[in-house]
$ cat data.pdb   # PDB, C-alpha atoms and all ligand atoms
ATOM      1  CA  MET A 587     -90.661 -94.613  53.728
ATOM      2  CA  GLU A 588     -92.020 -91.175  54.536
ATOM      3  CA  ARG A 589     -95.304 -89.352  54.133
ATOM      4  CA  LEU A 590     -95.878 -87.789  50.731
ATOM      5  CA  GLN A 591     -96.377 -84.265  52.075
ATOM      6  CA  LYS A 592     -93.099 -84.545  54.008
ATOM      7  CA  ALA A 593     -91.240 -85.744  50.911
ATOM      8  CA  ILE A 594     -92.582 -82.775  48.946
ATOM      9  CA  ALA A 595     -91.655 -80.320  51.703
ATOM     10  CA  SER A 596     -88.119 -81.753  51.992
ATOM     11  CA  SER A 597     -87.566 -81.074  48.309
ATOM     12  CA  GLY A 598     -87.630 -77.425  49.335
ATOM     13  CA  ILE A 599     -90.336 -76.305  46.906
ATOM     14  CA  THR A 600     -92.934 -75.562  49.567
ATOM     15  CA  SER A 601     -93.980 -76.061  53.189
ATOM     16  CA  ARG A 602     -95.599 -79.260  54.471
ATOM     17  CA  ARG A 603     -98.893 -77.430  54.922
ATOM     18  CA  LYS A 604     -98.939 -76.205  51.320
ATOM     19  CA  ALA A 605     -97.875 -79.671  50.136
ATOM     20  CA  GLU A 606    -101.044 -81.033  51.775
ATOM     21  CA  ASP A 607    -103.144 -78.534  49.803
ATOM     22  CA  LEU A 608    -101.406 -79.559  46.574
ATOM     23  CA  ILE A 609    -102.185 -83.219  47.310
ATOM     24  CA  LYS A 610    -105.834 -82.465  48.146
ATOM     25  CA  ASN A 611    -106.176 -80.459  44.946
ATOM     26  CA  GLY A 612    -104.957 -83.341  42.783
ATOM     27  CA  LYS A 613    -101.714 -81.633  41.755
ATOM     28  CA  VAL A 614     -99.447 -84.466  42.898
ATOM     29  CA  LYS A 615     -98.589 -87.676  41.072
ATOM     30  CA  VAL A 616     -96.603 -90.628  42.381
ATOM     31  CA  ASN A 617     -95.208 -92.919  39.680
ATOM     32  CA  GLY A 618     -97.608 -91.350  37.196
ATOM     33  CA  HIS A 619    -100.791 -91.709  39.314
ATOM     34  CA  VAL A 620    -102.631 -88.792  40.904
ATOM     35  CA  ILE A 621    -102.658 -89.214  44.692
ATOM     36  CA  THR A 622    -105.129 -87.303  46.835
ATOM     37  CA  GLU A 623    -104.877 -89.419  49.967
ATOM     38  CA  MET A 624    -102.929 -87.689  52.702
ATOM     39  CA  GLY A 625    -101.369 -90.632  54.537
ATOM     40  CA  THR A 626     -99.675 -92.055  51.422
ATOM     41  CA  LYS A 627     -96.137 -93.236  52.096
ATOM     42  CA  VAL A 628     -93.358 -92.941  49.533
ATOM     43  CA  SER A 629     -89.827 -94.296  49.294
ATOM     44  CA  PRO A 630     -86.779 -92.626  47.707
ATOM     45  CA  LYS A 631     -87.361 -94.779  44.609
ATOM     46  CA  ASP A 632     -90.819 -93.305  43.914
ATOM     47  CA  ILE A 633     -91.090 -90.571  41.313
ATOM     48  CA  ILE A 634     -93.055 -87.629  42.643
ATOM     49  CA  GLU A 635     -94.453 -84.954  40.346
ATOM     50  CA  VAL A 636     -95.913 -81.664  41.520
ATOM     51  CA  ASP A 637     -97.775 -79.700  38.870
ATOM     52  CA  GLY A 638     -96.042 -81.791  36.232
ATOM     53  CA  ASN A 639     -92.513 -81.213  37.571
ATOM     54  CA  ILE A 640     -90.506 -84.061  39.039
ATOM     55  CA  ILE A 641     -89.118 -83.106  42.427
ATOM     56  CA  SER A 642     -85.763 -84.099  43.823
ATOM     57  CA  LYS A 643     -84.654 -84.130  47.425
ATOM     58  CA  GLU A 644     -83.078 -80.893  48.573
ATOM     59  CA  GLU A 645     -79.466 -81.157  49.725
ATOM     60  CA  LYS A 646     -79.096 -80.518  53.420
ATOM     61  CA  GLU A 647     -77.275 -77.303  54.238
ATOM     62  CA  TYR A 648     -75.822 -76.106  57.542
ATOM     63  CA  TYR A 649     -74.498 -72.627  58.268
ATOM     64  CA  LEU A 650     -73.023 -70.834  61.246
ATOM     65  CA  LEU A 651     -73.583 -67.065  61.177
ATOM     66  CA  ASN A 652     -72.100 -64.347  63.368
ATOM     67  CA  LYS A 653     -75.330 -62.369  63.564
ATOM     68  CA  PRO A 654     -74.963 -58.582  63.617
ATOM     69  CA  ARG A 655     -77.220 -56.270  65.621
ATOM     70  CA  GLY A 656     -80.313 -54.999  63.744
ATOM     71  CA  TYR A 657     -81.465 -58.227  62.060
ATOM     72  CA  ILE A 658     -84.431 -60.311  63.082
ATOM     73  CA  THR A 659     -84.161 -64.079  63.391
ATOM     74  CA  SER A 660     -86.988 -65.004  61.074
ATOM     75  CA  SER A 661     -87.671 -65.687  57.409
ATOM     76  CA  SER A 662     -89.743 -62.547  56.952
ATOM     77  CA  ASP A 663     -90.887 -59.555  58.977
ATOM     78  CA  GLU A 664     -94.173 -57.738  58.635
ATOM     79  CA  LYS A 665     -92.499 -54.514  59.834
ATOM     80  CA  GLY A 666     -90.013 -54.730  56.966
ATOM     81  CA  ARG A 667     -86.949 -55.114  59.168
ATOM     82  CA  LYS A 668     -83.863 -56.865  57.834
ATOM     83  CA  THR A 669     -83.773 -60.605  58.448
ATOM     84  CA  VAL A 670     -80.827 -62.950  58.990
ATOM     85  CA  MET A 671     -81.804 -64.720  55.734
ATOM     86  CA  GLU A 672     -80.528 -61.713  53.796
ATOM     87  CA  LEU A 673     -77.031 -62.441  55.069
ATOM     88  CA  ILE A 674     -76.777 -65.957  53.637
ATOM     89  CA  SER A 675     -76.543 -66.725  49.983
ATOM     90  CA  THR A 676     -78.471 -69.919  49.205
ATOM     91  CA  LYS A 677     -81.457 -71.064  47.171
ATOM     92  CA  SER A 678     -82.468 -73.618  49.825
ATOM     93  CA  ARG A 679     -85.297 -73.036  52.290
ATOM     94  CA  ILE A 680     -83.075 -72.752  55.349
ATOM     95  CA  TYR A 681     -84.308 -71.424  58.677
ATOM     96  CA  PRO A 682     -82.700 -70.365  61.955
ATOM     97  CA  VAL A 683     -82.106 -72.917  64.724
ATOM     98  CA  GLY A 684     -83.523 -71.099  67.743
ATOM     99  CA  ARG A 685     -83.686 -67.345  68.026
ATOM    100  CA  LEU A 686     -81.572 -64.319  68.815
ATOM    101  CA  ASP A 687     -83.218 -60.960  69.519
ATOM    102  CA  TYR A 688     -83.019 -58.073  67.028
ATOM    103  CA  ASP A 689     -80.291 -56.412  69.094
ATOM    104  CA  THR A 690     -78.455 -59.613  70.134
ATOM    105  CA  THR A 691     -75.323 -60.570  68.209
ATOM    106  CA  GLY A 692     -73.342 -63.770  67.808
ATOM    107  CA  ALA A 693     -73.556 -67.458  66.976
ATOM    108  CA  LEU A 694     -76.651 -68.536  65.068
ATOM    109  CA  LEU A 695     -77.089 -71.802  63.158
ATOM    110  CA  LEU A 696     -79.291 -72.032  60.063
ATOM    111  CA  THR A 697     -80.266 -75.202  58.232
ATOM    112  CA  ASN A 698     -82.939 -76.983  56.206
ATOM    113  CA  ASP A 699     -82.412 -80.169  58.242
ATOM    114  CA  GLY A 700     -85.225 -80.505  60.787
ATOM    115  CA  THR A 701     -83.540 -83.367  62.619
ATOM    116  CA  PHE A 702     -80.374 -81.344  63.146
ATOM    117  CA  ALA A 703     -82.461 -78.371  64.372
ATOM    118  CA  ASN A 704     -84.372 -80.620  66.777
ATOM    119  CA  ILE A 705     -81.224 -82.117  68.251
ATOM    120  CA  MET A 706     -79.741 -78.657  68.818
ATOM    121  CA  THR A 707     -82.868 -77.209  70.441
ATOM    122  CA  HIS A 708     -84.398 -80.139  72.322
ATOM    123  CA  PRO A 709     -84.405 -79.298  76.049
ATOM    124  CA  ASN A 710     -83.355 -82.834  77.044
ATOM    125  CA  HIS A 711     -80.155 -82.467  75.064
ATOM    126  CA  SER A 712     -78.722 -79.795  77.379
ATOM    127  CA  ILE A 713     -76.780 -77.986  74.681
ATOM    128  CA  ASP A 714     -74.706 -75.137  76.152
ATOM    129  CA  LYS A 715     -75.593 -71.633  75.035
ATOM    130  CA  VAL A 716     -72.889 -69.275  76.211
ATOM    131  CA  TYR A 717     -73.567 -65.524  76.265
ATOM    132  CA  LEU A 718     -71.540 -62.460  77.101
ATOM    133  CA  ALA A 719     -73.815 -59.872  78.696
ATOM    134  CA  LYS A 720     -73.119 -56.248  79.569
ATOM    135  CA  LEU A 721     -75.116 -55.336  82.658
ATOM    136  CA  GLU A 722     -76.210 -52.131  84.348
ATOM    137  CA  GLY A 723     -74.786 -52.480  87.864
ATOM    138  CA  ILE A 724     -72.107 -54.724  89.285
ATOM    139  CA  LEU A 725     -73.348 -58.266  89.706
ATOM    140  CA  LYS A 726     -73.327 -59.450  93.327
ATOM    141  CA  LYS A 727     -72.732 -62.969  94.589
ATOM    142  CA  GLU A 728     -76.319 -63.312  95.855
ATOM    143  CA  ALA A 729     -77.604 -62.604  92.343
ATOM    144  CA  ILE A 730     -75.202 -65.182  90.857
ATOM    145  CA  ASP A 731     -76.459 -67.730  93.385
ATOM    146  CA  ARG A 732     -80.072 -66.989  92.442
ATOM    147  CA  LEU A 733     -79.332 -67.358  88.738
ATOM    148  CA  LYS A 734     -77.714 -70.739  89.385
ATOM    149  CA  LYS A 735     -80.438 -71.921  91.729
ATOM    150  CA  GLY A 736     -83.192 -71.151  89.240
ATOM    151  CA  ILE A 737     -85.425 -68.306  88.130
ATOM    152  CA  GLU A 738     -89.069 -68.709  87.287
ATOM    153  CA  LEU A 739     -90.033 -67.608  83.750
ATOM    154  CA  ASP A 740     -93.340 -68.460  82.068
ATOM    155  CA  GLY A 741     -94.105 -70.905  84.886
ATOM    156  CA  LYS A 742     -90.848 -72.828  84.346
ATOM    157  CA  THR A 743     -87.687 -72.797  86.393
ATOM    158  CA  VAL A 744     -84.651 -71.963  84.272
ATOM    159  CA  LYS A 745     -81.080 -71.941  85.468
ATOM    160  CA  ALA A 746     -77.671 -70.647  84.616
ATOM    161  CA  THR A 747     -75.285 -73.613  84.616
ATOM    162  CA  ARG A 748     -72.313 -71.239  84.846
ATOM    163  CA  VAL A 749     -71.939 -67.534  85.637
ATOM    164  CA  LYS A 750     -68.595 -65.781  85.479
ATOM    165  CA  LEU A 751     -67.928 -62.106  86.173
ATOM    166  CA  LYS A 752     -65.412 -61.153  83.448
ATOM    167  CA  LYS A 753     -64.960 -57.394  83.839
ATOM    168  CA  VAL A 754     -66.091 -54.612  86.163
ATOM    169  CA  ASP A 755     -66.251 -50.886  85.387
ATOM    170  CA  SER A 756     -66.663 -49.320  88.823
ATOM    171  CA  GLU A 757     -66.892 -45.768  87.450
ATOM    172  CA  LYS A 758     -69.715 -46.489  85.008
ATOM    173  CA  GLU A 759     -71.204 -49.112  87.334
ATOM    174  CA  THR A 760     -71.434 -51.745  84.646
ATOM    175  CA  CYS A 761     -69.984 -55.218  84.254
ATOM    176  CA  ILE A 762     -69.491 -57.962  81.681
ATOM    177  CA  VAL A 763     -70.690 -61.425  82.621
ATOM    178  CA  GLU A 764     -70.404 -64.769  80.873
ATOM    179  CA  ILE A 765     -73.504 -66.856  81.425
ATOM    180  CA  THR A 766     -74.268 -70.386  80.224
ATOM    181  CA  ILE A 767     -77.814 -71.689  79.882
ATOM    182  CA  HIS A 768     -79.349 -74.830  78.406
ATOM    183  CA  GLU A 769     -82.933 -73.768  77.774
ATOM    184  CA  GLY A 770     -84.055 -71.428  75.014
ATOM    185  CA  ILE A 771     -87.021 -69.458  76.354
ATOM    186  CA  ASN A 772     -87.813 -66.150  74.630
ATOM    187  CA  HIS A 773     -85.496 -63.348  75.825
ATOM    188  CA  GLN A 774     -84.265 -65.749  78.492
ATOM    189  CA  VAL A 775     -80.937 -64.140  79.392
ATOM    190  CA  LYS A 776     -82.320 -60.592  79.507
ATOM    191  CA  ARG A 777     -85.283 -61.716  81.600
ATOM    192  CA  MET A 778     -83.131 -63.734  84.008
ATOM    193  CA  PHE A 779     -80.840 -60.776  84.694
ATOM    194  CA  GLU A 780     -83.822 -58.408  84.876
ATOM    195  CA  LYS A 781     -85.389 -60.642  87.545
ATOM    196  CA  VAL A 782     -82.314 -60.358  89.767
ATOM    197  CA  GLY A 783     -82.137 -56.586  89.227
ATOM    198  CA  TYR A 784     -79.561 -56.113  86.463
ATOM    199  CA  PRO A 785     -80.813 -54.849  83.074
ATOM    200  CA  VAL A 786     -78.830 -56.140  80.068
ATOM    201  CA  SER A 787     -77.552 -53.393  77.761
ATOM    202  CA  LYS A 788     -75.679 -55.655  75.305
ATOM    203  CA  LEU A 789     -75.855 -59.355  74.558
ATOM    204  CA  LYS A 790     -73.709 -61.612  72.427
ATOM    205  CA  ARG A 791     -73.905 -65.395  72.010
ATOM    206  CA  GLN A 792     -70.378 -66.696  71.986
ATOM    207  CA  ARG A 793     -71.034 -70.378  71.597
ATOM    208  CA  VAL A 794     -73.855 -72.807  70.974
ATOM    209  CA  GLY A 795     -72.821 -76.416  71.636
ATOM    210  CA  ILE A 796     -69.609 -77.036  69.680
ATOM    211  CA  PHE A 797     -70.085 -73.957  67.464
ATOM    212  CA  THR A 798     -67.954 -70.952  68.388
ATOM    213  CA  LEU A 799     -67.456 -67.647  66.568
ATOM    214  CA  GLU A 800     -63.806 -68.381  65.843
ATOM    215  CA  GLY A 801     -62.778 -66.894  62.488
ATOM    216  CA  LEU A 802     -66.112 -65.131  61.887
ATOM    217  CA  ASN A 803     -66.431 -61.348  61.975
ATOM    218  CA  SER A 804     -69.840 -59.763  62.505
ATOM    219  CA  GLY A 805     -72.107 -60.554  59.529
ATOM    220  CA  GLU A 806     -69.868 -63.356  58.263
ATOM    221  CA  TYR A 807     -70.908 -66.980  58.004
ATOM    222  CA  ARG A 808     -69.454 -70.335  57.099
ATOM    223  CA  LYS A 809     -70.762 -73.776  56.223
ATOM    224  CA  CYS A 810     -70.611 -76.270  59.066
ATOM    225  CA  THR A 811     -68.228 -79.123  58.367
ATOM    226  CA  LEU A 812     -69.342 -82.705  57.841
ATOM    227  CA  LYS A 813     -67.496 -83.605  61.041
ATOM    228  CA  GLU A 814     -69.497 -80.987  63.007
ATOM    229  CA  VAL A 815     -72.792 -82.269  61.602
ATOM    230  CA  GLN A 816     -71.774 -85.830  62.461
ATOM    231  CA  ILE A 817     -70.937 -84.781  66.015
ATOM    232  CA  VAL A 818     -74.411 -83.236  66.434
ATOM    233  CA  TYR A 819     -76.051 -86.404  65.043
ATOM    234  CA  SER A 820     -73.966 -88.545  67.395
ATOM    235  CA  TYR A 821     -75.686 -86.894  70.399
ATOM    236  CA  LYS A 822     -78.939 -88.400  69.203
ATOM    237  CA  GLU A 823     -77.507 -91.894  68.861
ATOM    238  CA  LYS A 824     -75.606 -91.878  72.136
ATOM    239  CA  LYS A 825     -78.292 -90.065  74.112
ATOM    240  CA  ASN A 826     -75.259 -88.298  75.491
ATOM    241  CA  TYR A 827     -74.811 -84.616  74.829
ATOM    242  CA  PRO A 828     -71.344 -83.242  75.396
ATOM    243  CA  ASN A 829     -70.739 -79.534  74.831
ATOM    244  CA  GLY A 830     -67.903 -77.515  73.426
TER     245      GLY A 830
HETATM  246  N1  LIG B   1     -81.617 -64.394  75.649
HETATM  247  C1  LIG B   1     -82.051 -63.144  75.365
HETATM  248  O1  LIG B   1     -82.541 -62.451  76.221
HETATM  249  N2  LIG B   1     -81.966 -62.716  74.096
HETATM  250  C2  LIG B   1     -81.409 -63.442  73.109
HETATM  251  O2  LIG B   1     -81.328 -62.975  71.980
HETATM  252  C3  LIG B   1     -80.943 -64.724  73.413
HETATM  253  C4  LIG B   1     -81.072 -65.175  74.700
END
$ encode --input "data.pdb" --output "structure tokens"
Amino acid sequence: MERLQKAIASSGITSRRKAEDLIKNGKVKVNGHVITEMGTKVSPKDIIEVDGNIISKEEKEYYLLNKPRGYITSSSDEKGRKTVMELISTKSRIYPVGRLDYDTTGALLLTNDGTFANIMTHPNHSIDKVYLAKLEGILKKEAIDRLKKGIELDGKTVKATRVKLKKVDSEKETCIVEITIHEGINHQVKRMFEKVGYPVSKLKRQRVGIFTLEGLNSGEYRKCTLKEVQIVYSYKEKKNYPNG
């Protein structure tokens, strides 16, 4: 059994908020009767009509996108910038799982399954997010130690669980670093490096949990496999969250 407004929203026709308005305004029938009471519970057997149309449950969809630079991670943008939604061809109301900045590239999941999104983003689940960052300056050991010990952002201590110097350009005084984090605070990687004195000039997410960019060029996407979705769901059951 689930709440009527949730059942309407999961059909994909509208948001939960708007579903509540439809119920209040007498536009929703369950098994032929108008329902205006918000807490009403329905089961999959109940027939729900919205404005005279019977709704059916939206199929769950899961995508992995290799996000290019120059797209915002949102469903719409008031400044008219391109959004990641434009890159995926679907009629379902999918949304991004977490966020990548406008100029950040790499692995981004999109789905219409709220449970899947919650598992992937819940801080207790410690899902690896692995980034490749190009830095101004050559990262010193003391800075690596600080990143691993913890940096304070927005009143919280966030940590890098792994930091690996991959490449150094001594002439240009830049370097490429692989950094793994578990949290997902806004602009976290850029702000962490900024705090230890190394501005980020390029950022790419290489992996999120078990999802890597293998086989995906920039701007390309694929559907996640049933096996991958099952693995993500298994974290919830086991309360055990392996990565990669
Ligand atoms: N950290 C950042 O600073 N930016 C991103 O896009 C993702 C993580």
$ atom_distance --input "data.pdb" --atom1 "atom CA of A:Ile609" --atom2 "atom CA of A:Val636"
8.7 Å
$ atom_distance --input "data.pdb" --atom1 "atom CA of A:Glu647" --atom2 "atom CA of A:Glu769"
24.5 Å
$ closest_residue --input "data.pdb" --among "A:Glu644, A:Glu623, A:Glu780, A:Asp687" --to "A:Leu721" --atoms "only C-alpha atoms"
A:Glu780
$ closest_residue --input "data.pdb" --among "A:Leu694, A:Leu608, A:Leu686, A:Val628" --to "A:Leu799" --atoms "all atoms listed in the file"
A:Leu694
$ resolve_selection --input "data.pdb" --expression "the PyMOL selection byres (((chain A and resi 626) around 12) and not hetatm)" --output "list of chain:residue names"
A:Met587, A:Glu588, A:Arg589, A:Leu590, A:Gln591, A:Lys592, A:Ala593, A:Ile594, A:Glu606, A:Ile609, A:Lys610, A:Val614, A:Lys615, A:Val616, A:Val620, A:Ile621, A:Thr622, A:Glu623, A:Met624, A:Gly625, A:Lys627, A:Val628, A:Ser629, A:Asp632, A:Ile634
$ residues_near_ligand --input "data.pdb" --ligand "ligand LIG 1 (chain B)" --cutoff "10 Å" --atoms "all atoms listed in the file" --output "PyMOL selection string"
chain A and resi 658-659+684-692+715-717+719+767+769-780+786+788-791
$ atom_distance --input "data.pdb" --atom1 "atom CA of A:Asn617" --atom2 "atom CA of A:Arg602"
20.1 Å
$ build_atoms --input "data.pdb" --residues "stretch 775-791 of chain A" --atoms "N, CA, C and O atoms" --output "compact mmCIF listing (two decimals), keeping the file's coordinate frame"
# COMPACT_ATOMS: atom_id res chain seq x y z
N VAL A 775 -82.07 -64.71 78.64
CA VAL A 775 -80.94 -64.14 79.39
C VAL A 775 -81.32 -62.75 79.93
O VAL A 775 -81.11 -62.45 81.11
N LYS A 776 -81.93 -61.94 79.07
CA LYS A 776 -82.32 -60.59 79.51
C LYS A 776 -83.30 -60.68 80.67
O LYS A 776 -83.21 -59.94 81.64
N ARG A 777 -84.26 -61.61 80.55
CA ARG A 777 -85.28 -61.72 81.60
C ARG A 777 -84.70 -62.27 82.89
O ARG A 777 -85.10 -61.87 83.98
N MET A 778 -83.75 -63.19 82.79
CA MET A 778 -83.13 -63.73 84.01
C MET A 778 -82.38 -62.64 84.77
O MET A 778 -82.52 -62.49 85.98
N PHE A 779 -81.59 -61.84 84.02
CA PHE A 779 -80.84 -60.78 84.69
C PHE A 779 -81.79 -59.69 85.23
O PHE A 779 -81.58 -59.15 86.31
N GLU A 780 -82.83 -59.40 84.45
CA GLU A 780 -83.82 -58.41 84.88
C GLU A 780 -84.44 -58.83 86.22
O GLU A 780 -84.58 -58.02 87.13
N LYS A 781 -84.74 -60.12 86.33
CA LYS A 781 -85.39 -60.64 87.54
C LYS A 781 -84.51 -60.49 88.78
O LYS A 781 -85.01 -60.38 89.90
N VAL A 782 -83.19 -60.52 88.60
CA VAL A 782 -82.31 -60.36 89.77
C VAL A 782 -81.81 -58.91 89.89
O VAL A 782 -80.94 -58.61 90.70
N GLY A 783 -82.38 -58.02 89.05
CA GLY A 783 -82.14 -56.59 89.23
C GLY A 783 -81.02 -55.98 88.39
O GLY A 783 -80.52 -54.91 88.72
N TYR A 784 -80.65 -56.64 87.30
CA TYR A 784 -79.56 -56.11 86.46
C TYR A 784 -79.98 -56.08 84.99
O TYR A 784 -79.88 -57.09 84.28
N PRO A 785 -80.43 -54.91 84.49
CA PRO A 785 -80.81 -54.85 83.07
C PRO A 785 -79.62 -55.12 82.16
O PRO A 785 -78.49 -54.70 82.45
N VAL A 786 -79.88 -55.82 81.05
CA VAL A 786 -78.83 -56.14 80.07
C VAL A 786 -78.80 -55.02 79.03
O VAL A 786 -79.83 -54.70 78.43
N SER A 787 -77.62 -54.43 78.80
CA SER A 787 -77.55 -53.39 77.76
C SER A 787 -76.96 -53.92 76.46
O SER A 787 -77.12 -53.30 75.40
N LYS A 788 -76.26 -55.05 76.53
CA LYS A 788 -75.68 -55.66 75.31
C LYS A 788 -75.62 -57.15 75.50
O LYS A 788 -75.32 -57.61 76.63
N LEU A 789 -75.88 -57.89 74.42
CA LEU A 789 -75.86 -59.36 74.56
C LEU A 789 -75.27 -60.00 73.30
O LEU A 789 -75.66 -59.65 72.18
N LYS A 790 -74.34 -60.91 73.56
CA LYS A 790 -73.71 -61.61 72.43
C LYS A 790 -73.65 -63.10 72.75
O LYS A 790 -73.25 -63.48 73.85
N ARG A 791 -74.05 -63.95 71.79
CA ARG A 791 -73.90 -65.40 72.01
C ARG A 791 -72.54 -65.81 71.46
O ARG A 791 -72.27 -65.67 70.28
